[in-house]
Amino acid sequence: KDFDVIAKSDRQTVSGSDLGRQRETVWANIALYEPDQLRQRMAWALSQILVIAKTAISSQDEDTEPFLNYYDIFVRNAFGNYLDVLREISYSPLMAENLSYLNSKSTAYVWEADQRIQFADENFAREIMQLFSIGLLELNLDGTPKPGTQQTYTNEHIRSFARAWTGFTRQNIRANFESKDRNTNRIDPMKIIPEWRDRFPKSNLYGGYLGDGYPLCSDLPEQQFLKKGAKYRLLGSSALPELMKDDSRLANRFILEQSSGLYSVLCAAIDGSCSFPMNLVIENNINCFGDECEVDTVRVVSVDGLFYEYIQPPCVEQPFFENGVKLNKETDNKSPICGNPLLPIATSACCENPMSGTIDAISSNKYDIERMTFDTMEARCDALDRLACEYDRVDNGQSSYLRNTYHWAKTACSIRVKINSEGEAAIVHDVTAIDNPIVSHVDADTRNFFTVNWSGDYPKQKVNDCGVCESDAEKNCICDTLVVDSIEFSTDPPDAATVLSTLTIGAPDPASFGPIYTVAEINGFKVHTKGNGYQMDTIFEIQDEKGRTHFRKNAKSTVQLMGGNDLSAGATFRNPVHFMSLVPSETNRRDAIYETEAALEHYFYHDNTAPFLCTRFIQRFGISNASPRFVKSCSFAFRNGLYEVPGYTYGSGKYGDLAATVASILLDREARAVVLDVEPAHGSLREPILRVIGFMRNMQFQLKNNNQKGERRVAVFREMENRIGQMPHEFETVFSFFLPEYVPDGPVNSATLVAPETQILDMPKTIDLINGLHSLVKYGFAECYQTGGEDYGFAKWNIGSGSCQDGSYNRASGTLTFEPTGTSAIDIVDELALLLTSGRLNQESRQIIANAYEAAPNPADGLRIAQQLMTTSPEYHTTNALSFSGEALPAPVTPQPNTSAQYKAIVFLFFGGGCDSWNMLVPKVCHTHPDGSQDAYNHYANTRSPIHLLNSTLLEINSNGKANCDKFGVHPNLPILQQLYNDNDLIFFTNTGVLGAPSTKQGYRDATPTQLFAHNGMQREAKRADVFDEDIGTGILGRIADALAKKGLSPGKTSIDSNSIAAASKPGSGTPPTSTISNTGVRQFMPQDTASMTREEMKAVMGDLNNATAAHSGFIAKTWSNSLMDSLAQNELLYNTLVATTTEVSFGSTSLERKLSIISKLIKTRGIRGVDADVFYLSIGGWDTHSDVEERLISRFTEVNAGLTAFHQEMVAQERWNDVVLVQASEFGRTLTANSGGGSDHAWGGNYFMLGGGVNGGKILGEYPTDMTTESPQVLSRGRLVPTTSWDQIWPGVAEWVGANSADLQTIVPNMDSFTPFPTTTLFDQQQRNRRYLRR
C-alpha cells in the first residue's frame, strides 16, 4: 500500500519523506479515475481561492488527513452555498494555523492576564476580505471597477474585524484521526473561548457596526424563550449548557411541568413517549405556564430528566445607556461593573427591610443563578418584603459557586467615554461608592479603543483642549455621556433603500410579540405599528434583492458628550452595538458564534462578492479575460441562486448558490461558442496540472495491478510543484500558484489583458513539463527518463527492472493504453487533436505531425512521436485556435558583449511576505528621547514589547547620529551585515518603502495610490518602482536593462525560480527576454535521443508547430510559443554553460544559498553568455510573521547570513566584489506593536540594505523614527510607519552605477522628480573601493 498508517510511537510503513505526498496521491488518483469530474474541478477551483499555504502548517510534511479533511470542504460544497464554504474554512484549525488567528486573544484579555498591551492578529481579517470574498477595489456587478476605484476596506477596518477573529482555538484531541502529532487536533472545527474574545463594538464596511440590523437584546419580547423562533438543543443527561458557561455543581435547573406548552413541544411525544428532538425551533408563540410566567429567561430546562439548552436568538447591546445599576459578585473582590437594568444579566440579592449591621441578602431565584432584569428583581424582593440593596453577603452559608456570580445591587452607576487623539472611544464604567476595583476592561485605564462615528468635533488632548471633559496622563479625554433615543421617521419613508440606510437598529419579528401590531404595505415595504402612527416601536419589514428579510426599529440612539455639571461637550456619536456582553459572567460562546456569523454574512452579502468570485471562477474554468457581460451574468446567478437555460434550471434559488454559479459559467455562450476560439483575447493558458491529468485521462492511462495482491496500484507523482509549478496541497503562499491579475511580457501585456497561469510559464517548468509528458509516452509512469542520475519524468518510483528504452514499459507502474480508431496518419492525428486540443489544432500543424508519424519506423513509434509533438503545440497548452503567418519566429540571438565595457551586475534580493525589519536594525546606545522620558532604545523596547530584541544581544555598529543614538544594533543572527557595514561595504536605508510623494499620515492615501498593506499590490509596486503606472507592465530591473541595451551594452536578465515583474522590459525595447532558472540548476531538454527522433529533430519540428502566427491569432497561444522557443534556446545555452561550471566557494543547501550559487555561476560565465551587464532577481519567502516573529526571524536571518556570507566570499574569490551590488527589499515593514500571537502585522515603512564592494557604505540613510507612538505625524495605528524614504530615491543611483545614462534615469524611475534621489556618489565610491580591494 502507498498510504501511511501510524503505528506505535513513530513507526511508519513508508519513509518520512513520503508522508506529505500522500494527500497529493489521493487527489491525483481521484482526478485520474473518478467519474465526478465537475465536482472535483469545482473543488479544485475553490482550493485555489481559499488557499492553505503548506509552509504555514508546522506538520506540513507529516500529515495527510488534516489536508484532505480541509479539501473535502470544497468537495462537499462544490454545488452548495458559498456561505457554508466560508463558514467551514473559517472554523478550520488548518486555516487558523495558516493565517495565524489560532489562539489570537483580545487586547483586554492579554492585559488582564499578563499586563501587556497586544493586539488581535490581523492576518485572517485581511485575507478573508482581499482573497476570499470582496477583493480590494469596489466593483460593479460586471466586475469592472467603480468610478474612482475606491478600495473596499481600510486598515482601520482590518483592525476592527481582527477583533472578531479572536478566541478561536483547536478542539481537544480525540481518537480516530491520522496525525503524527497526536497531541494536536487539526481535524475538527475549532471552538471559541469566550474569555479570549474581544467584547467591544467593531466597525463594519459601511460606516456602521458589526451587528447593525440585529435587534437590541433589551427589545426582545418578554419570555422570549416561549416565542416564535426560540431555539432549543438537546443536552441529554448532562445539565451543563454548551454555548453558555455554568458551574458543573449547579443542581436546581428549571423543570418544565407536564402541563406546560413548552414541555409538550420539547417532549414531542410519539405513542405516549417523548421523542426528544435533537434541535427544535418554536414555530408559534407558546403561552406561559406556572413559573414560566415569572422568569425573564431560562438557560437549561429539564424535560422528564433530560435537559435542553435554550439558545437566545442573536441580538446586540448598546454599550452606552442611562440609569445604570451596579453589579457585584460576593466573592472575587466583588469585581463591580455597571449593568443595563433592562437586560437579564444578573441574579437577585434581596435585603431585609430595614437593614442594619452586616448586610446579608438572599436570592429570590426560580432556579440556580437565574438571570433577571433589575425590575424583576425588585418585584421579587418586594414580594418577600425585602429591598434591593448594597449588600455585604448573599445567601450566607451557601456554596461559593452559587454566590460567585453577579447580583444586582441598588447603587446607581454611569457610563463614561475615553477618547484618544485619533478620535477612537473606549468605555469607562463609573461605579461610585466602591471599595474594590471594577473589572479592568472598563476601568479608567482601559486600552480597548474602537471607532465611533462622530457628529461634530471630538475632543482632542492637544495643548489641553479637552474642553469641559477631563484629560488623563496619556493625553486622552474622558467625558460623561448622555444617551438620547429618538424617533427617526414620523412620515412615510420614500423607499426601502432609505429605510435600510437610515435605520441601523434591528427589531424582532413582530409576530413574536403576538397580535399587538397591525401591518400596512407602503412604498414596497411593510410597516408594523401598534395603531398609533409612527412611534419608536414601529417596525419596518423589508425584503431585499438578496433574499434577506430585514426588521428595523424606527429609532436612533445618540451619545452626547457631557462635562462636569452636565455641560455639553458639543460632540455626539452614534451609540454603537456589540454582540458580546461586557459583564464577564455573560460573555459566552453563543454570542461569539453569532458575532462570527455576522462577520461572515457581512462579507458574503457585500455587493463585491458576486463579481469578485465570478471573475475568479471564470478564470479557473478557462477564460482569463471574461467580458463584463459574462461576469454580470455569473453575478446574477450567484445573487439569485438560479441559472436557467431552455428546459433546465440550476440552483436552489438562494443567494450564493454555487451550482447556479458554475452552471452560468459553463453554459454561457462565451464558454461554449467555438467561434470565440479564434478571438485573439479569448481563452487561457491551461493550468499545468490539468494538462498532465487531462493528457493521462485522454490517453487512457492505466495503472498496473499489484501482482502479489491483485490490487490496482496508485499513481505517485514526484515534486510536481517544483517541476511544473503546480500540485494540490503544495501552495507556497496564500496567493495560490499565480495571481489572477498577472500580466506576462509580450502580446498579452500589449493588449492590456491578464494571463494568470503564465506567471509560472518559465524555462525550467516548460522544459520539465515537456520532458515529463514525453517520458510518460516513451517509458510509461516510471523513473526512466534520466541523465546524470536525475529523473526527468513525473513518476516517484519504479515497480520493475530492465533497461529504459523508448516503448519499453517494464519499469512503469502504469502506461498510456490509447489505441487510435483510424489507420492513416492524418486520421490518427485528427483523433489526437480532438482528444488533446478539443479539435483546435490547425491544419498545417496536423500535417506536420502526420508527416512525422509517417516518417517513424513503425505505427507504434509513429503514435508515440505524434503524442509527443501534440503536447508541444500551442493549441494543447492554451485554449486558443491559431493560424500561422507563414513566417518563422525570429531565431534567438546570443548577445555579444561590448568588450570595452566594465562588467557590472545588480542582484535584487526580495524578502517575500513583509520582513519585520524593525528587529533587523535597532537603536542601541542612545540619548534621551525628545520628550525627555526615555532614550531611543528604551522607547523602541517599550513600543515593541514583548517582541523587542534585548540590547545586550545586538551586534553594534556606528549610527552616524541617527535617532539621537551613537550606536545602532543589527540582529544577532546577521553578523555578515555588521561585518560589511563596518567594512564600509553596506548601507542601511531606514523607514523606506513604496511612496508616491513625501507624506505624513494626513493625506497619505492620496499621495500613494496603491493597495497599501496588501501583499500582492505592495510586492508589485516594490518590484516595479512605478507607482503611477507611467510604464505599466514593466519592472525596475527590466527598465534598467532597457537603458543599458539602448546604450549599446548587452545586458542579461535572470530571475531565479519564477517569473517576476521586476525583470519585465518595455515591449519593443529589443532587450533579450528574461531567463528563468531553477535554484537547482538547469535540466536538459530531451536528454536521451530515440531511434525515431533525435533531440535536434524534435526541436526542429517543435519550432514548426510554434511558428509565427497571424495577427488575429490568440495572444495567449503566441505567449506560449514565444516562451517555448525561448526556453529551448536558453536551456541549451545555460545547460551547457552551468553543467561545467563550479563556484570557488562551497554554498550550502538552503534556498537562498542555492539561488546565490546559481547567480555566482552565471556571473562567472558572463563571457560565455555574451553579456557585459546583468540584472538578477531572486526572492525567499517566510517573512509573513503574524505569529512567533522572533523565532521565525532567527530562522530566516540565519539563512540570509549564510547565503550572503558565501556570496560575498565567492565574489571576492572571483574578483568581482567591486562589480556587483545587492539591493534587498520587501513589500512592506511590519507593525511596531505586537499582536497576541507574538507576531507583527502588515505595515508600510521598513529598513533595508544594499551591499557590494563599490558601495559607499558604513552609514544609515533616511530618517530612523525617534517617535514610535501615534502622536508622531509618521505613525499610523498599531505603529505603522509612513515611509520617509522612497525607493524612487535609491534606484536612480543604482541604475547610474551599473551603466545607465543620466538622461535615461527619468524613464527608469518615472517618479524620481517627486523626491530628491540620493546622489550616486553618496551610494557608491568606485575609486575608493578599488583601492581597498587591491589592498586585500
# chains A, B, ... in the order shown; residues from 1 in each chain; ligands from 1
>>> residues_around(residues="Asp745 (chain A)", least_positions_apart="4", cutoff="12 Å", atoms="only C-alpha atoms", output="ChimeraX atom specification")
/A:749-755,758-759,761-762,1032-1035,1038,1059-1069,1071-1074,1115-1116,1118-1120,1122-1123
>>> write_last_selection(atoms="C-alpha atoms", output="PDB file, in the first residue's frame")
ATOM      1  CA  ASN A 749       0.731  42.954 -21.999  1.00  0.00           C
ATOM      2  CA  SER A 750       0.406  44.999 -25.175  1.00  0.00           C
ATOM      3  CA  ALA A 751      -3.310  44.172 -25.323  1.00  0.00           C
ATOM      4  CA  THR A 752      -3.728  45.198 -21.630  1.00  0.00           C
ATOM      5  CA  LEU A 753      -5.041  41.749 -20.731  1.00  0.00           C
ATOM      6  CA  VAL A 754      -4.159  39.281 -17.988  1.00  0.00           C
ATOM      7  CA  ALA A 755      -2.978  35.669 -18.185  1.00  0.00           C
ATOM      8  CA  THR A 758       1.701  32.485 -17.370  1.00  0.00           C
ATOM      9  CA  GLN A 759       3.204  33.542 -14.050  1.00  0.00           C
ATOM     10  CA  LEU A 761       5.395  29.793 -17.546  1.00  0.00           C
ATOM     11  CA  ASP A 762       9.162  29.861 -17.418  1.00  0.00           C
ATOM     12  CA  ILE A1032       2.745  49.790 -16.993  1.00  0.00           C
ATOM     13  CA  GLY A1033       3.802  46.157 -17.274  1.00  0.00           C
ATOM     14  CA  THR A1034       7.493  46.848 -16.719  1.00  0.00           C
ATOM     15  CA  GLY A1035       9.761  46.403 -13.703  1.00  0.00           C
ATOM     16  CA  GLY A1038      13.691  45.468 -16.873  1.00  0.00           C
ATOM     17  CA  ASN A1059       8.905  34.968 -13.450  1.00  0.00           C
ATOM     18  CA  SER A1060       8.951  38.387 -11.844  1.00  0.00           C
ATOM     19  CA  ILE A1061       7.544  41.719 -12.936  1.00  0.00           C
ATOM     20  CA  ALA A1062      10.821  43.204 -11.652  1.00  0.00           C
ATOM     21  CA  ALA A1063      12.631  41.960 -14.781  1.00  0.00           C
ATOM     22  CA  ALA A1064       9.918  42.867 -17.316  1.00  0.00           C
ATOM     23  CA  SER A1065      11.157  45.154 -20.097  1.00  0.00           C
ATOM     24  CA  LYS A1066       9.193  47.581 -22.194  1.00  0.00           C
ATOM     25  CA  PRO A1067       7.660  45.899 -25.282  1.00  0.00           C
ATOM     26  CA  GLY A1068       9.752  46.605 -28.358  1.00  0.00           C
ATOM     27  CA  SER A1069      12.813  47.631 -26.379  1.00  0.00           C
ATOM     28  CA  THR A1071      16.209  43.748 -24.663  1.00  0.00           C
ATOM     29  CA  PRO A1072      16.692  39.955 -24.586  1.00  0.00           C
ATOM     30  CA  PRO A1073      13.962  38.031 -22.738  1.00  0.00           C
ATOM     31  CA  THR A1074      14.348  37.143 -19.098  1.00  0.00           C
ATOM     32  CA  PHE A1115      -2.414  36.285 -27.749  1.00  0.00           C
ATOM     33  CA  ILE A1116      -2.000  33.580 -25.129  1.00  0.00           C
ATOM     34  CA  LYS A1118       1.586  33.377 -29.024  1.00  0.00           C
ATOM     35  CA  THR A1119       2.824  33.784 -25.467  1.00  0.00           C
ATOM     36  CA  TRP A1120       3.192  30.010 -25.135  1.00  0.00           C
ATOM     37  CA  ASN A1122       7.404  32.535 -27.703  1.00  0.00           C
ATOM     38  CA  SER A1123       8.104  31.153 -24.246  1.00  0.00           C
TER      39      SER A1123
END
>>> closest_residue(among="A:Pro494, A:Gly814, A:Pro201, A:Gly683", to="Phe794 (chain A)", atoms="only C-alpha atoms")
A:Gly814
>>> residues_around(residues="His971 (chain A)", least_positions_apart="5", cutoff="8 Å", atoms="only C-alpha atoms", output="ChimeraX atom specification")
/A:919-922,949,953-955
>>> write_last_selection(atoms="C-alpha atoms", output="PDB file, in the first residue's frame")
ATOM      1  CA  ASN A 919      14.194  43.946  14.502  1.00  0.00           C
ATOM      2  CA  MET A 920      16.915  43.926  11.844  1.00  0.00           C
ATOM      3  CA  LEU A 921      18.168  47.450  12.638  1.00  0.00           C
ATOM      4  CA  VAL A 922      17.624  48.686  16.204  1.00  0.00           C
ATOM      5  CA  LEU A 949      15.368  42.489  20.985  1.00  0.00           C
ATOM      6  CA  THR A 953      22.169  40.708  22.050  1.00  0.00           C
ATOM      7  CA  LEU A 954      22.564  43.373  19.344  1.00  0.00           C
ATOM      8  CA  LEU A 955      25.601  43.484  17.050  1.00  0.00           C
TER       9      LEU A 955
END
>>> atom_distance(atom1="CA of Ala45 (chain A)", atom2="CA of Thr166 (chain A)")
28.7 Å
>>> residues_around(residues="Glu195 (chain A)", least_positions_apart="2", cutoff="8 Å", atoms="only C-alpha atoms", output="list of chain:residue names")
A:Tyr109, A:Gly167, A:Ile193, A:Arg197, A:Pro584, A:Thr587, A:Asn588
>>> write_last_selection(atoms="C-alpha atoms", output="JSON list (two decimals), in the first residue's frame")
[["chain", "number", "residue", "atom", "x", "y", "z"],
["A", 109, "TYR", "CA", -7.65, 39.57, 27.88],
["A", 167, "GLY", "CA", -10.88, 33.42, 20.74],
["A", 193, "ILE", "CA", -13.03, 30.54, 24.17],
["A", 197, "ARG", "CA", -12.90, 37.10, 22.59],
["A", 584, "PRO", "CA", -17.80, 38.78, 32.44],
["A", 587, "THR", "CA", -19.58, 36.64, 27.95],
["A", 588, "ASN", "CA", -20.46, 33.39, 26.27]]
>>> residues_around(residues="Ser260 (chain A)", least_positions_apart="6", cutoff="8 Å", atoms="only C-alpha atoms", output="ChimeraX atom specification")
/A:288-290
>>> write_last_selection(atoms="N, CA, C and O atoms", output="mmCIF file, in the first residue's frame")
data_model
loop_
_atom_site.group_PDB
_atom_site.id
_atom_site.type_symbol
_atom_site.label_atom_id
_atom_site.label_comp_id
_atom_site.auth_asym_id
_atom_site.auth_seq_id
_atom_site.Cartn_x
_atom_site.Cartn_y
_atom_site.Cartn_z
ATOM 1 N N CYS A 288 -47.288 31.003 28.484
ATOM 2 C CA CYS A 288 -46.500 30.591 29.638
ATOM 3 C C CYS A 288 -47.365 29.782 30.605
ATOM 4 O O CYS A 288 -48.602 29.875 30.613
ATOM 5 N N PHE A 289 -46.696 28.989 31.433
ATOM 6 C CA PHE A 289 -47.388 28.159 32.423
ATOM 7 C C PHE A 289 -46.565 28.145 33.701
ATOM 8 O O PHE A 289 -45.359 27.904 33.685
ATOM 9 N N GLY A 290 -47.238 28.388 34.842
ATOM 10 C CA GLY A 290 -46.590 28.306 36.135
ATOM 11 C C GLY A 290 -45.433 29.277 36.255
ATOM 12 O O GLY A 290 -45.547 30.475 35.932
#
>>> residues_around(residues="Ile487 (chain A)", least_positions_apart="4", cutoff="6 Å", atoms="only C-alpha atoms", output="ChimeraX atom specification")
/A:536,554-555
>>> write_last_selection(atoms="C-alpha atoms", output="compact mmCIF listing (two decimals), in the first residue's frame")
# COMPACT_ATOMS: atom_id res chain seq x y z
CA MET A 536 -40.23 54.43 18.29
CA ASN A 554 -37.92 53.26 13.95
CA ALA A 555 -35.34 54.71 16.30
>>> residues_around(residues="region 379-391 of chain A", least_positions_apart="4", cutoff="8 Å", atoms="only C-alpha atoms", output="PyMOL selection string")
chain A and resi 349-353+359-361+364+375+408-411
>>> select_by_dssp(residues="region 809-986 of chain A", states="strand (DSSP E or B)", output="ChimeraX atom specification")
/A:814-816,878,884,904-911,921-926,928,935,955-958,965-970,986
>>> closest_atom_pairs(of="region 977-1082 of chain A", to="region 1190-1201 of chain A", cutoff="12 Å", atoms="only C-alpha atoms", output="Markdown table")
| residue | atom | partner | partner_atom | distance |
| --- | --- | --- | --- | --- |
| A:Leu977 | CA | A:Asn1201 | CA | 7.8 |
| A:Gln978 | CA | A:Asn1201 | CA | 10.4 |
| A:Gln979 | CA | A:Asn1201 | CA | 10.9 |
| A:Leu980 | CA | A:Asn1201 | CA | 11.4 |
>>> write_last_selection(atoms="N, CA, C and O atoms", output="tab-separated table (two decimals), in the first residue's frame")
chain	number	residue	atom	x	y	z
A	977	LEU	N	26.03	41.32	8.02
A	977	LEU	CA	25.66	42.73	7.80
A	977	LEU	C	26.54	43.64	8.66
A	977	LEU	O	26.96	44.71	8.21
A	978	GLN	N	26.79	43.25	9.90
A	978	GLN	CA	27.69	44.04	10.74
A	978	GLN	C	29.08	44.12	10.12
A	978	GLN	O	29.68	45.20	10.05
A	979	GLN	N	29.59	42.99	9.65
A	979	GLN	CA	30.93	42.97	9.06
A	979	GLN	C	31.02	43.88	7.84
A	979	GLN	O	31.95	44.69	7.72
A	980	LEU	N	30.06	43.74	6.93
A	980	LEU	CA	30.12	44.54	5.70
A	980	LEU	C	29.87	46.01	5.98
A	980	LEU	O	30.45	46.88	5.32
>>> closest_residue(among="A:Glu831, A:Glu741, A:Glu732, A:Asp806", to="Gly1181 (chain A)", atoms="only C-alpha atoms")
A:Glu732
